[in-house]
file input_22.tsv (TSV, C-alpha atoms)
chain	number	residue	atom	x	y	z
A	162	MET	CA	18.52	5.16	22.96
A	163	ILE	CA	20.57	3.40	25.63
A	164	ALA	CA	19.91	4.88	29.04
A	165	VAL	CA	22.82	6.93	30.40
A	166	LEU	CA	24.17	6.13	33.85
A	167	ALA	CA	23.00	8.19	36.77
A	168	GLY	CA	25.29	9.18	39.57
A	169	CYS	CA	28.36	11.17	40.29
A	170	GLY	CA	31.96	10.18	40.64
A	171	GLY	CA	32.36	12.31	43.74
A	172	LYS	CA	35.80	13.60	44.64
A	173	ALA	CA	38.30	11.51	42.73
A	174	ALA	CA	42.05	11.64	42.99
A	175	SER	CA	43.98	13.66	40.48
A	176	GLY	CA	45.04	12.07	37.19
A	177	PRO	CA	48.52	11.85	35.65
A	178	ALA	CA	50.86	14.73	36.43
A	179	GLY	CA	48.44	16.06	39.01
A	180	MET	CA	45.74	16.85	36.49
A	181	PRO	CA	42.24	17.05	37.99
A	182	PRO	CA	39.68	14.39	36.99
A	183	ALA	CA	38.07	15.10	33.61
A	184	PRO	CA	34.29	15.70	33.78
A	185	VAL	CA	32.47	13.27	31.46
A	186	LEU	CA	29.10	11.77	30.67
A	187	VAL	CA	28.91	7.99	30.57
A	188	ALA	CA	26.49	5.25	29.52
A	189	LYS	CA	26.30	1.49	29.66
A	190	ALA	CA	26.90	-0.82	26.72
A	191	VAL	CA	24.05	-3.34	26.70
A	192	ARG	CA	23.11	-6.64	25.09
A	193	ARG	CA	19.73	-7.11	23.47
A	194	THR	CA	18.01	-8.43	20.35
A	195	VAL	CA	17.82	-5.68	17.75
A	196	PRO	CA	16.03	-5.58	14.39
A	197	MET	CA	17.84	-4.80	11.17
A	198	GLN	CA	15.64	-2.23	9.48
A	199	ILE	CA	15.46	0.13	6.52
A	200	LYS	CA	13.63	3.37	7.19
A	201	GLU	CA	12.31	5.58	4.38
A	202	ILE	CA	9.58	8.11	3.67
A	203	GLY	CA	6.57	6.37	2.11
A	204	THR	CA	3.36	7.38	0.37
A	205	VAL	CA	0.00	5.72	0.90
A	206	GLU	CA	-1.61	4.44	-2.31
A	207	ALA	CA	-5.12	3.09	-2.82
A	208	PHE	CA	-5.27	-0.66	-3.46
A	209	SER	CA	-7.38	0.13	-6.51
A	210	SER	CA	-8.89	3.31	-7.89
A	211	ILE	CA	-12.01	3.10	-10.06
A	212	ALA	CA	-13.20	5.97	-12.28
A	213	ILE	CA	-16.99	5.70	-12.49
A	214	LYS	CA	-18.37	6.52	-15.97
A	215	ALA	CA	-21.79	6.06	-17.53
A	216	ARG	CA	-22.39	3.33	-20.10
A	217	VAL	CA	-25.44	5.11	-21.56
A	218	GLU	CA	-26.38	8.72	-22.26
A	219	GLY	CA	-29.18	10.57	-20.51
A	220	ASN	CA	-30.20	13.07	-17.85
A	221	LEU	CA	-28.94	12.40	-14.31
A	222	VAL	CA	-32.06	12.19	-12.14
A	223	ALA	CA	-30.67	11.00	-8.78
A	224	ILE	CA	-27.45	10.73	-6.73
A	225	HIS	CA	-27.68	8.17	-3.94
A	226	PHE	CA	-24.61	9.06	-1.85
A	227	LYS	CA	-22.68	12.05	-0.55
A	228	GLU	CA	-19.20	12.78	-1.82
A	229	GLY	CA	-16.65	11.37	0.58
A	230	ASP	CA	-18.96	8.54	1.69
A	231	TYR	CA	-17.65	5.01	2.16
A	232	VAL	CA	-19.67	2.84	-0.25
A	233	ARG	CA	-20.09	-0.91	-0.57
A	234	THR	CA	-19.90	-3.20	-3.59
A	235	GLY	CA	-23.21	-3.12	-5.46
A	236	GLN	CA	-24.43	0.03	-3.73
A	237	ARG	CA	-26.45	2.30	-6.04
A	238	LEU	CA	-24.60	5.52	-6.86
A	239	PHE	CA	-26.43	7.29	-9.72
A	240	THR	CA	-29.67	6.98	-11.66
A	241	ILE	CA	-29.91	8.15	-15.27
A	242	ASP	CA	-33.43	8.77	-16.63
A	243	PRO	CA	-34.56	5.21	-17.50
A	244	ARG	CA	-37.74	6.10	-19.45
A	245	PRO	CA	-36.20	6.27	-22.97
A	246	TYR	CA	-34.49	2.91	-22.41
A	247	ALA	CA	-37.63	1.32	-20.96
A	248	ALA	CA	-39.53	2.46	-24.09
A	249	ALA	CA	-36.77	1.09	-26.34
A	250	LEU	CA	-36.99	-2.25	-24.54
A	251	ARG	CA	-40.74	-2.45	-25.05
A	252	GLN	CA	-40.31	-1.65	-28.76
A	253	VAL	CA	-37.78	-4.42	-29.40
A	254	GLN	CA	-39.89	-6.84	-27.35
A	255	ALA	CA	-42.85	-6.04	-29.63
A	256	ASN	CA	-40.67	-6.59	-32.70
A	257	LEU	CA	-39.63	-9.93	-31.26
A	258	ALA	CA	-43.24	-10.99	-30.70
A	259	ARG	CA	-44.19	-10.00	-34.26
A	260	ASP	CA	-41.29	-11.84	-35.85
A	261	GLN	CA	-41.87	-14.90	-33.66
A	262	ALA	CA	-45.46	-15.06	-34.94
A	263	ASN	CA	-44.34	-14.68	-38.57
A	264	ALA	CA	-41.63	-17.26	-38.05
A	265	THR	CA	-44.17	-19.74	-36.68
A	266	GLN	CA	-46.36	-19.24	-39.74
A	267	ALA	CA	-43.40	-19.54	-42.08
A	268	ARG	CA	-42.29	-22.76	-40.43
A	269	ALA	CA	-45.79	-24.20	-40.87
A	270	ASP	CA	-45.79	-23.21	-44.57
A	271	GLU	CA	-42.39	-24.84	-45.01
A	272	GLN	CA	-43.62	-28.11	-43.50
A	273	ARG	CA	-46.78	-28.00	-45.64
A	274	TYR	CA	-44.90	-27.52	-48.93
A	275	GLU	CA	-42.40	-30.18	-47.88
A	276	PHE	CA	-45.29	-32.66	-47.47
A	277	LEU	CA	-46.84	-31.68	-50.82
A	278	LEU	CA	-43.47	-32.03	-52.53
A	279	LYS	CA	-43.09	-35.56	-51.18
A	280	GLU	CA	-46.61	-36.42	-52.42
A	281	GLY	CA	-45.76	-35.11	-55.90
A	282	VAL	CA	-48.39	-32.37	-55.72
A	283	GLY	CA	-46.34	-29.29	-54.90
A	284	SER	CA	-43.43	-27.83	-56.83
A	285	ARG	CA	-39.78	-27.56	-55.80
A	286	GLN	CA	-39.90	-23.80	-56.31
A	287	GLN	CA	-42.76	-23.38	-53.80
A	288	PHE	CA	-40.91	-25.46	-51.20
A	289	ASP	CA	-37.64	-23.55	-51.71
A	290	GLN	CA	-39.47	-20.24	-51.30
A	291	ALA	CA	-41.18	-21.41	-48.11
A	292	TYR	CA	-37.87	-22.75	-46.75
A	293	ALA	CA	-36.07	-19.44	-47.43
A	294	ASN	CA	-38.88	-17.42	-45.87
A	295	SER	CA	-38.82	-19.60	-42.73
A	296	ALA	CA	-35.05	-19.34	-42.38
A	297	SER	CA	-35.15	-15.56	-42.87
A	298	LEU	CA	-37.77	-15.09	-40.16
A	299	ALA	CA	-35.86	-17.42	-37.80
A	300	ALA	CA	-32.80	-15.18	-38.27
A	301	ALA	CA	-34.96	-12.12	-37.58
A	302	VAL	CA	-36.14	-13.69	-34.33
A	303	ALA	CA	-32.51	-14.30	-33.32
A	304	ALA	CA	-31.65	-10.67	-34.10
A	305	ASP	CA	-34.69	-9.50	-32.12
A	306	ASN	CA	-33.55	-11.56	-29.13
A	307	ALA	CA	-30.15	-9.87	-29.30
A	308	ALA	CA	-31.82	-6.46	-29.55
A	309	VAL	CA	-33.96	-7.24	-26.51
A	310	GLU	CA	-30.87	-8.26	-24.52
A	311	THR	CA	-29.08	-5.07	-25.56
A	312	ALA	CA	-32.06	-2.91	-24.62
A	313	ARG	CA	-32.37	-4.70	-21.28
A	314	LEU	CA	-28.68	-4.07	-20.56
A	315	ASN	CA	-29.03	-0.40	-21.49
A	316	LEU	CA	-31.93	-0.10	-19.09
A	317	GLN	CA	-29.83	-1.72	-16.34
A	318	TYR	CA	-26.98	0.69	-17.08
A	319	THR	CA	-29.21	3.59	-16.05
A	320	GLU	CA	-28.60	2.38	-12.48
A	321	ILE	CA	-24.87	2.92	-11.78
A	322	ARG	CA	-23.58	0.84	-8.85
A	323	SER	CA	-20.26	0.67	-7.05
A	324	PRO	CA	-17.96	-2.13	-8.29
A	325	ILE	CA	-15.86	-2.12	-5.07
A	326	ASP	CA	-15.90	-1.17	-1.40
A	327	GLY	CA	-14.20	2.19	-1.14
A	328	ARG	CA	-14.18	5.88	-0.41
A	329	THR	CA	-15.76	8.26	-2.91
A	330	GLY	CA	-14.05	11.43	-4.06
A	331	SER	CA	-15.45	14.71	-5.39
A	332	LEU	CA	-18.61	14.63	-7.48
A	333	GLN	CA	-18.12	15.89	-11.03
A	334	ASN	CA	-21.83	15.82	-12.00
A	335	HIS	CA	-25.08	16.92	-10.43
A	336	VAL	CA	-28.76	16.13	-10.80
A	337	GLY	CA	-30.05	17.51	-14.10
A	338	ASP	CA	-26.76	17.18	-15.97
A	339	LEU	CA	-26.77	15.49	-19.36
A	340	ILE	CA	-24.45	12.53	-18.95
A	341	LYS	CA	-22.54	11.25	-21.97
A	342	ALA	CA	-21.59	7.63	-22.31
A	343	ASP	CA	-17.91	6.93	-21.51
A	344	SER	CA	-17.13	10.61	-21.00
A	345	ASP	CA	-13.50	11.69	-20.59
A	346	THR	CA	-14.26	12.98	-17.07
A	347	PRO	CA	-15.48	10.36	-14.57
A	348	MET	CA	-18.60	11.10	-12.57
A	349	VAL	CA	-16.74	10.16	-9.37
A	350	THR	CA	-13.64	8.19	-8.41
A	351	ILE	CA	-13.71	5.44	-5.77
A	352	ASP	CA	-10.53	4.48	-3.93
A	353	GLN	CA	-10.30	1.08	-2.28
A	354	VAL	CA	-8.67	1.70	1.12
A	355	ARG	CA	-9.06	-1.74	2.72
A	356	PRO	CA	-6.51	-3.14	2.07
A	357	ILE	CA	-4.15	-0.36	1.07
A	358	TYR	CA	-0.56	0.05	-0.15
A	359	VAL	CA	2.36	2.06	1.22
A	360	ASP	CA	4.95	2.86	-1.48
A	361	PHE	CA	8.55	3.63	-0.58
A	362	SER	CA	11.92	3.52	-2.30
A	363	ILE	CA	15.17	2.01	-1.02
A	364	PRO	CA	18.74	2.45	-2.29
A	365	GLU	CA	19.89	0.00	-4.92
A	366	SER	CA	22.62	-1.16	-2.53
A	367	ASP	CA	19.99	-2.61	-0.16
A	368	LEU	CA	18.16	-4.59	-2.85
A	369	ALA	CA	20.21	-7.78	-2.61
A	370	GLU	CA	19.70	-8.03	1.15
A	371	VAL	CA	15.96	-7.39	0.82
A	372	ARG	CA	15.59	-10.09	-1.84
A	373	ALA	CA	17.60	-12.58	0.17
A	374	ALA	CA	15.52	-11.95	3.29
A	375	ARG	CA	12.27	-12.20	1.36
A	376	GLU	CA	13.18	-15.65	0.07
A	377	THR	CA	13.23	-17.01	3.62
A	378	ARG	CA	10.19	-15.33	5.16
A	379	GLN	CA	7.56	-12.64	4.81
A	380	LEU	CA	9.01	-9.22	5.57
A	381	GLU	CA	7.14	-6.86	7.87
A	382	VAL	CA	6.56	-3.22	7.04
A	383	ASP	CA	5.49	-0.61	9.60
A	384	ALA	CA	3.92	2.71	8.66
A	385	GLU	CA	3.96	5.53	11.19
A	386	ILE	CA	1.92	8.67	10.62
A	387	PRO	CA	4.05	11.72	11.51
A	388	GLY	CA	2.67	13.56	14.50
A	389	ALA	CA	0.06	10.89	15.31
A	390	GLN	CA	-0.16	9.59	18.87
A	391	ALA	CA	-1.37	6.13	17.85
A	392	SER	CA	1.01	3.23	17.26
A	393	ALA	CA	2.33	2.37	13.80
A	394	GLU	CA	0.27	0.32	11.35
A	395	HIS	CA	1.63	-3.13	10.51
A	396	GLY	CA	1.73	-4.75	7.06
A	397	LEU	CA	3.74	-7.08	4.86
A	398	LEU	CA	6.03	-6.46	1.91
A	399	ALA	CA	3.91	-7.26	-1.16
A	400	PHE	CA	5.82	-5.89	-4.15
A	401	ILE	CA	9.34	-5.19	-5.40
A	402	ASP	CA	9.54	-3.27	-8.67
A	403	ASN	CA	11.10	-5.02	-11.66
A	404	SER	CA	13.74	-2.37	-12.33
A	405	VAL	CA	15.91	0.20	-10.58
A	406	ASP	CA	15.30	3.85	-11.35
A	407	LYS	CA	18.48	4.89	-13.17
A	408	THR	CA	18.05	8.57	-12.34
A	409	THR	CA	17.85	8.09	-8.56
A	410	GLY	CA	19.52	4.72	-7.99
A	411	THR	CA	16.52	3.53	-5.99
A	412	ILE	CA	13.88	0.85	-6.40
A	413	THR	CA	10.22	1.03	-5.39
A	414	LEU	CA	8.68	-1.36	-2.85
A	415	LYS	CA	5.10	-1.68	-1.62
A	416	GLY	CA	3.80	-2.81	1.72
A	417	LEU	CA	0.25	-4.18	1.94
A	418	PHE	CA	-1.79	-3.07	4.98
A	419	GLN	CA	-5.25	-4.32	5.96
A	420	ASN	CA	-6.08	-0.82	7.25
A	421	GLU	CA	-9.13	-2.04	9.18
A	422	ASN	CA	-9.48	1.26	11.03
A	423	ARG	CA	-8.89	3.28	7.82
A	424	ARG	CA	-6.13	5.37	9.42
A	425	LEU	CA	-4.01	5.25	6.30
A	426	TRP	CA	-5.29	7.63	3.62
A	427	PRO	CA	-4.36	7.69	-0.09
A	428	GLY	CA	-1.71	10.30	-0.83
A	429	GLN	CA	-0.62	10.55	2.82
A	430	PHE	CA	3.08	10.65	3.72
A	431	VAL	CA	4.23	8.14	6.34
A	432	ASN	CA	7.47	6.89	7.87
A	433	ALA	CA	7.92	3.38	6.44
A	434	THR	CA	10.11	0.83	8.22
A	435	LEU	CA	11.06	-2.46	6.56
A	436	THR	CA	12.35	-5.12	8.98
A	437	LEU	CA	14.83	-7.49	7.32
A	438	ARG	CA	15.89	-9.66	10.24
A	439	GLU	CA	16.76	-9.66	13.94
A	440	ILE	CA	20.21	-9.88	15.52
A	441	PRO	CA	19.97	-11.73	18.84
A	442	ASP	CA	22.14	-10.75	21.82
A	443	ALA	CA	23.82	-7.84	20.04
A	444	VAL	CA	26.07	-5.43	21.96
A	445	LEU	CA	24.95	-1.81	21.63
A	446	ALA	CA	26.75	1.36	22.61
A	447	PRO	CA	25.74	4.98	22.03
A	448	THR	CA	27.10	6.27	18.75
A	449	GLN	CA	28.40	9.31	20.68
A	450	ALA	CA	30.90	7.02	22.42
A	451	LEU	CA	32.72	6.16	19.19
A	452	GLN	CA	36.05	7.85	18.50
A	453	THR	CA	38.39	7.47	15.55
A	454	GLY	CA	42.15	7.15	15.98
A	455	GLN	CA	45.14	6.06	13.93
A	456	GLN	CA	44.32	2.41	14.60
A	457	GLY	CA	40.63	2.79	13.80
A	458	GLU	CA	37.57	3.22	15.97
A	459	PHE	CA	37.68	2.98	19.76
A	460	VAL	CA	35.72	3.90	22.87
A	461	TYR	CA	36.83	5.03	26.32
A	462	VAL	CA	35.84	2.47	28.95
A	463	VAL	CA	35.58	3.67	32.55
A	464	GLY	CA	36.64	1.10	35.14
A	465	PRO	CA	35.63	0.79	38.80
A	466	ASP	CA	38.63	2.97	39.71
A	467	LEU	CA	37.16	5.78	37.55
A	468	LYS	CA	40.03	5.56	35.07
A	469	ALA	CA	39.34	5.85	31.33
A	470	THR	CA	40.97	3.28	29.08
A	471	PRO	CA	40.70	3.36	25.25
A	472	ARG	CA	39.47	0.11	23.75
A	473	PRO	CA	39.49	-0.69	20.02
A	474	VAL	CA	36.11	-1.77	18.63
A	475	VAL	CA	34.68	-3.11	15.38
A	476	THR	CA	31.33	-1.54	14.64
A	477	GLY	CA	28.28	-2.75	12.76
A	478	PRO	CA	25.21	-0.85	11.55
A	479	ALA	CA	23.63	1.99	13.51
A	480	ILE	CA	20.31	1.35	15.26
A	481	GLY	CA	18.74	4.70	16.02
A	482	ASP	CA	21.12	6.61	18.33
A	483	ASP	CA	23.15	3.47	19.06
A	484	THR	CA	25.66	1.40	17.11
A	485	ILE	CA	26.16	-2.36	17.13
A	486	ILE	CA	29.61	-3.29	18.48
A	487	GLU	CA	30.67	-6.49	16.74
A	488	ARG	CA	33.98	-6.84	18.60
A	489	GLY	CA	35.61	-5.03	21.52
A	490	LEU	CA	32.78	-4.86	24.07
A	491	ASP	CA	30.94	-7.65	25.88
A	492	GLY	CA	28.07	-5.58	27.22
A	493	GLY	CA	27.85	-4.01	30.66
A	494	GLU	CA	30.91	-1.77	30.24
A	495	THR	CA	30.69	1.89	31.12
A	496	VAL	CA	31.68	4.05	28.15
A	497	VAL	CA	32.25	7.77	27.85
A	498	ILE	CA	29.78	9.56	25.60
A	499	ASP	CA	30.83	13.18	26.20
A	500	GLY	CA	34.10	14.80	27.27
A	501	GLN	CA	36.47	12.47	25.38
A	502	ILE	CA	38.52	15.43	24.16
A	503	ARG	CA	39.96	15.85	27.68
A	504	LEU	CA	40.89	12.21	28.09
A	505	MET	CA	44.09	10.24	27.68
A	506	PRO	CA	44.84	6.61	28.54
A	507	GLY	CA	44.58	6.06	32.27
A	508	ALA	CA	43.08	9.49	32.98
A	509	LYS	CA	40.85	9.89	35.98
A	510	VAL	CA	37.28	10.97	35.29
A	511	ARG	CA	34.50	12.62	37.20
A	512	ILE	CA	30.95	11.86	36.11
A	513	LYS	CA	29.59	15.37	36.07
A	514	ARG	CA	25.92	14.51	35.62
A	515	SER	CA	23.65	11.99	33.92
A	516	LEU	CA	20.75	11.83	31.52
A	517	ASP	CA	17.52	9.93	31.92
A	518	ALA	CA	16.24	7.44	29.32
A	519	GLY	CA	14.55	10.20	27.37
A	520	GLY	CA	17.72	12.24	27.05
A	521	ALA	CA	16.75	14.95	29.57
A	522	ALA	CA	19.33	16.23	32.04
A	523	GLN	CA	18.82	15.32	35.69

call {"tool": "encode", "arguments": {"input": "input_22.tsv", "output": "structure tokens"}}
result
Amino acid sequence: MIAVLAGCGGKAASGPAGMPPAPVLVAKAVRRTVPMQIKEIGTVEAFSSIAIKARVEGNLVAIHFKEGDYVRTGQRLFTIDPRPYAAALRQVQANLARDQANATQARADEQRYEFLLKEGVGSRQQFDQAYANSASLAAAVAADNAAVETARLNLQYTEIRSPIDGRTGSLQNHVGDLIKADSDTPMVTIDQVRPIYVDFSIPESDLAEVRAARETRQLEVDAEIPGAQASAEHGLLAFIDNSVDKTTGTITLKGLFQNENRRLWPGQFVNATLTLREIPDAVLAPTQALQTGQQGEFVYVVGPDLKATPRPVVTGPAIGDDTIIERGLDGGETVVIDGQIRLMPGAKVRIKRSLDAGGAAQ
């Protein structure tokens, strides 16, 4: 908000036709660089959300974290009773050893009958039988190796570890529960909060300007937590949806925030501000100063002689409580922001009081 002038006009001479000076509030038009921004309500969204489910069935024997904990990639979360899977691994390893021994013997028999066949002593039938037996046992060994690998994986799956860094949600299972493989209900959900997204929607009419600005540079997005004393979080525009919502006439955007201090929380509402560009050396006047007449918009400018003169202006977009004046003011003029209803061209004014920069009466 542009600071309003302090001071008092004192005792001024009467205006036209002996009318007393009109009491008004005034402010200065100023020049400064202002950002062109779009402000919307946004929602914080986890960068990724992983539903943790078991790959094998069994009794849950240990939980290695507390719900709500921040966990790291590879950190152990749950332990399912490994004993049945350890026994299954030993069984298939024994089968592998047995079939490897039989395969070795069958290979030796095959080589022996091959030699006898070449010497004209053995028969073709004996060699074919030995060859088939050797090939069959070699295939059994290959199947046993696959079974061992599967059993080893199943044993590893009894230790459930976190696939990402993130915050855990509510626990859905407890020690002693019978866990089913790939159950419909996850055991816990982990939300990745570093980095994190802020979703917000803008009107369709702003889309072209956003796309044009994004082609020239990265666009900054600020997220302010309502009621928080800390400064806004800063991020970058990371996503523009591929279609406009026909029911609302808006399109969804996402800002990506590093969220190092984890202030942004999934599901939280924030005030999102997208900065498109900056206008250097723009003239700003309080929006309260703007009046509308038959010739368009104008403001009352107060001169050194405390006379109010209407001046036509061409306005641009509003910036908070102020409006950009594209033509009509050069900056530094004193404009009336309250009491215009009593004014006419050339009327004398009396500055009745002033406001400080925060808008409080002095």

call {"tool": "residues_around", "arguments": {"input": "input_22.tsv", "residues": "range 202-217 of chain A", "least_positions_apart": "3", "cutoff": "7 Å", "atoms": "all atoms listed in the file", "output": "PyMOL selection string"}}
result
chain A and resi 315+318-319+341-344+347-354+356-361+425-433

call {"tool": "atom_distance", "arguments": {"input": "input_22.tsv", "atom1": "CA of His225 in chain A", "atom2": "CA of Pro245 in chain A"}}
result
20.9 Å

call {"tool": "residues_around", "arguments": {"input": "input_22.tsv", "residues": "Leu339 in chain A", "least_positions_apart": "2", "cutoff": "10 Å", "atoms": "only C-alpha atoms", "output": "ChimeraX atom specification"}}
result
/A:218-222,241-242,334-337,341-342

call {"tool": "residues_around", "arguments": {"input": "input_22.tsv", "residues": "Val191 in chain A", "least_positions_apart": "2", "cutoff": "8 Å", "atoms": "all atoms listed in the file", "output": "PyMOL selection string"}}
result
chain A and resi 163+189+193+444-446+492-494

call {"tool": "write_last_selection", "arguments": {"input": "input_22.tsv", "atoms": "C-alpha atoms", "output": "compact mmCIF listing (two decimals), keeping the file's coordinate frame"}}
result
# COMPACT_ATOMS: atom_id res chain seq x y z
CA ILE A 163 20.57 3.40 25.63
CA LYS A 189 26.30 1.49 29.66
CA ARG A 193 19.73 -7.11 23.47
CA VAL A 444 26.07 -5.43 21.96
CA LEU A 445 24.95 -1.81 21.63
CA ALA A 446 26.75 1.36 22.61
CA GLY A 492 28.07 -5.58 27.22
CA GLY A 493 27.85 -4.01 30.66
CA GLU A 494 30.91 -1.77 30.24

call {"tool": "residues_around", "arguments": {"input": "input_22.tsv", "residues": "Phe239 in chain A", "least_positions_apart": "3", "cutoff": "7 Å", "atoms": "all atoms listed in the file", "output": "PyMOL selection string"}}
result
chain A and resi 223-225+320-321

call {"tool": "atom_distance", "arguments": {"input": "input_22.tsv", "atom1": "CA of Asp491 in chain A", "atom2": "CA of Ala469 in chain A"}}
result
16.8 Å

call {"tool": "residues_around", "arguments": {"input": "input_22.tsv", "residues": "Arg424 in chain A", "least_positions_apart": "2", "cutoff": "9 Å", "atoms": "all atoms listed in the file", "output": "MDAnalysis selection string"}}
result
chainID A and resid 386 394 420:422 426

call {"tool": "write_last_selection", "arguments": {"input": "input_22.tsv", "atoms": "C-alpha atoms", "output": "compact mmCIF listing (two decimals), in the coordinates of the input"}}
result
# COMPACT_ATOMS: atom_id res chain seq x y z
CA ILE A 386 1.92 8.67 10.62
CA GLU A 394 0.27 0.32 11.35
CA ASN A 420 -6.08 -0.82 7.25
CA GLU A 421 -9.13 -2.04 9.18
CA ASN A 422 -9.48 1.26 11.03
CA TRP A 426 -5.29 7.63 3.62

call {"tool": "closest_residue", "arguments": {"input": "input_22.tsv", "among": "A:Glu280, A:Asp260, A:Asp402, A:Asp483", "to": "Ala304 in chain A", "atoms": "all atoms listed in the file"}}
result
A:Asp260

call {"tool": "atom_distance", "arguments": {"input": "input_22.tsv", "atom1": "CA of Gly507 in chain A", "atom2": "CA of Val462 in chain A"}}
result
10.0 Å

call {"tool": "closest_residue", "arguments": {"input": "input_22.tsv", "among": "A:Asn403, A:Leu435, A:Gly396, A:Ala373", "to": "Glu201 in chain A", "atoms": "all atoms listed in the file"}}
result
A:Leu435

call {"tool": "residues_near_point", "arguments": {"input": "input_22.tsv", "point": "(-36.6, -20.6, -44.0)", "cutoff": "12 Å", "atoms": "all atoms listed in the file", "output": "list in words"}}
result
Asn263, Ala264, Thr265, Gln266, Ala267, Arg268, Ala269, Asp270, Glu271, Gln272, Tyr274, Glu275, Gln287, Phe288, Asp289, Gln290, Ala291, Tyr292, Ala293, Asn294, Ser295, Ala296, Ser297, Leu298, Ala299, Ala300, Ala301 and Val302 of chain A

call {"tool": "axis_aligned_box", "arguments": {"input": "input_22.tsv", "around": "range 204-219 of chain A", "padding_each_side": "4 Å", "output": "JSON"}}
result
{"center_x": -12.9, "center_y": 5.0, "center_z": -10.7, "size_x": 40.5, "size_y": 19.2, "size_z": 31.2}

call {"tool": "build_atoms", "arguments": {"input": "input_22.tsv", "residues": "range 473-486 of chain A", "atoms": "N, CA and C atoms", "output": "tab-separated table (two decimals), keeping the file's coordinate frame"}}
result
chain	number	residue	atom	x	y	z
A	473	PRO	N	39.85	-0.59	21.44
A	473	PRO	CA	39.49	-0.69	20.02
A	473	PRO	C	38.18	-1.48	19.85
A	474	VAL	N	37.38	-1.08	18.90
A	474	VAL	CA	36.11	-1.77	18.63
A	474	VAL	C	35.93	-1.91	17.13
A	475	VAL	N	35.14	-2.93	16.77
A	475	VAL	CA	34.68	-3.11	15.38
A	475	VAL	C	33.18	-2.89	15.38
A	476	THR	N	32.73	-1.93	14.61
A	476	THR	CA	31.33	-1.54	14.64
A	476	THR	C	30.53	-2.16	13.51
A	477	GLY	N	29.24	-2.31	13.77
A	477	GLY	CA	28.28	-2.75	12.76
A	477	GLY	C	27.35	-1.60	12.40
A	478	PRO	N	26.15	-1.90	11.94
A	478	PRO	CA	25.21	-0.85	11.55
A	478	PRO	C	24.68	-0.07	12.75
A	479	ALA	N	24.24	1.15	12.48
A	479	ALA	CA	23.63	1.99	13.51
A	479	ALA	C	22.17	1.61	13.68
A	480	ILE	N	21.71	1.61	14.92
A	480	ILE	CA	20.31	1.35	15.26
A	480	ILE	C	19.81	2.56	16.05
A	481	GLY	N	19.17	3.48	15.35
A	481	GLY	CA	18.74	4.70	16.02
A	481	GLY	C	19.94	5.51	16.47
A	482	ASP	N	20.01	5.85	17.78
A	482	ASP	CA	21.12	6.61	18.33
A	482	ASP	C	22.27	5.73	18.80
A	483	ASP	N	22.14	4.42	18.61
A	483	ASP	CA	23.15	3.47	19.06
A	483	ASP	C	23.80	2.79	17.87
A	484	THR	N	24.92	2.14	18.14
A	484	THR	CA	25.66	1.40	17.11
A	484	THR	C	25.96	0.00	17.63
A	485	ILE	N	25.82	-1.00	16.76
A	485	ILE	CA	26.16	-2.36	17.13
A	485	ILE	C	27.69	-2.49	17.20
A	486	ILE	N	28.18	-3.04	18.31
A	486	ILE	CA	29.61	-3.29	18.48
A	486	ILE	C	29.84	-4.78	18.22
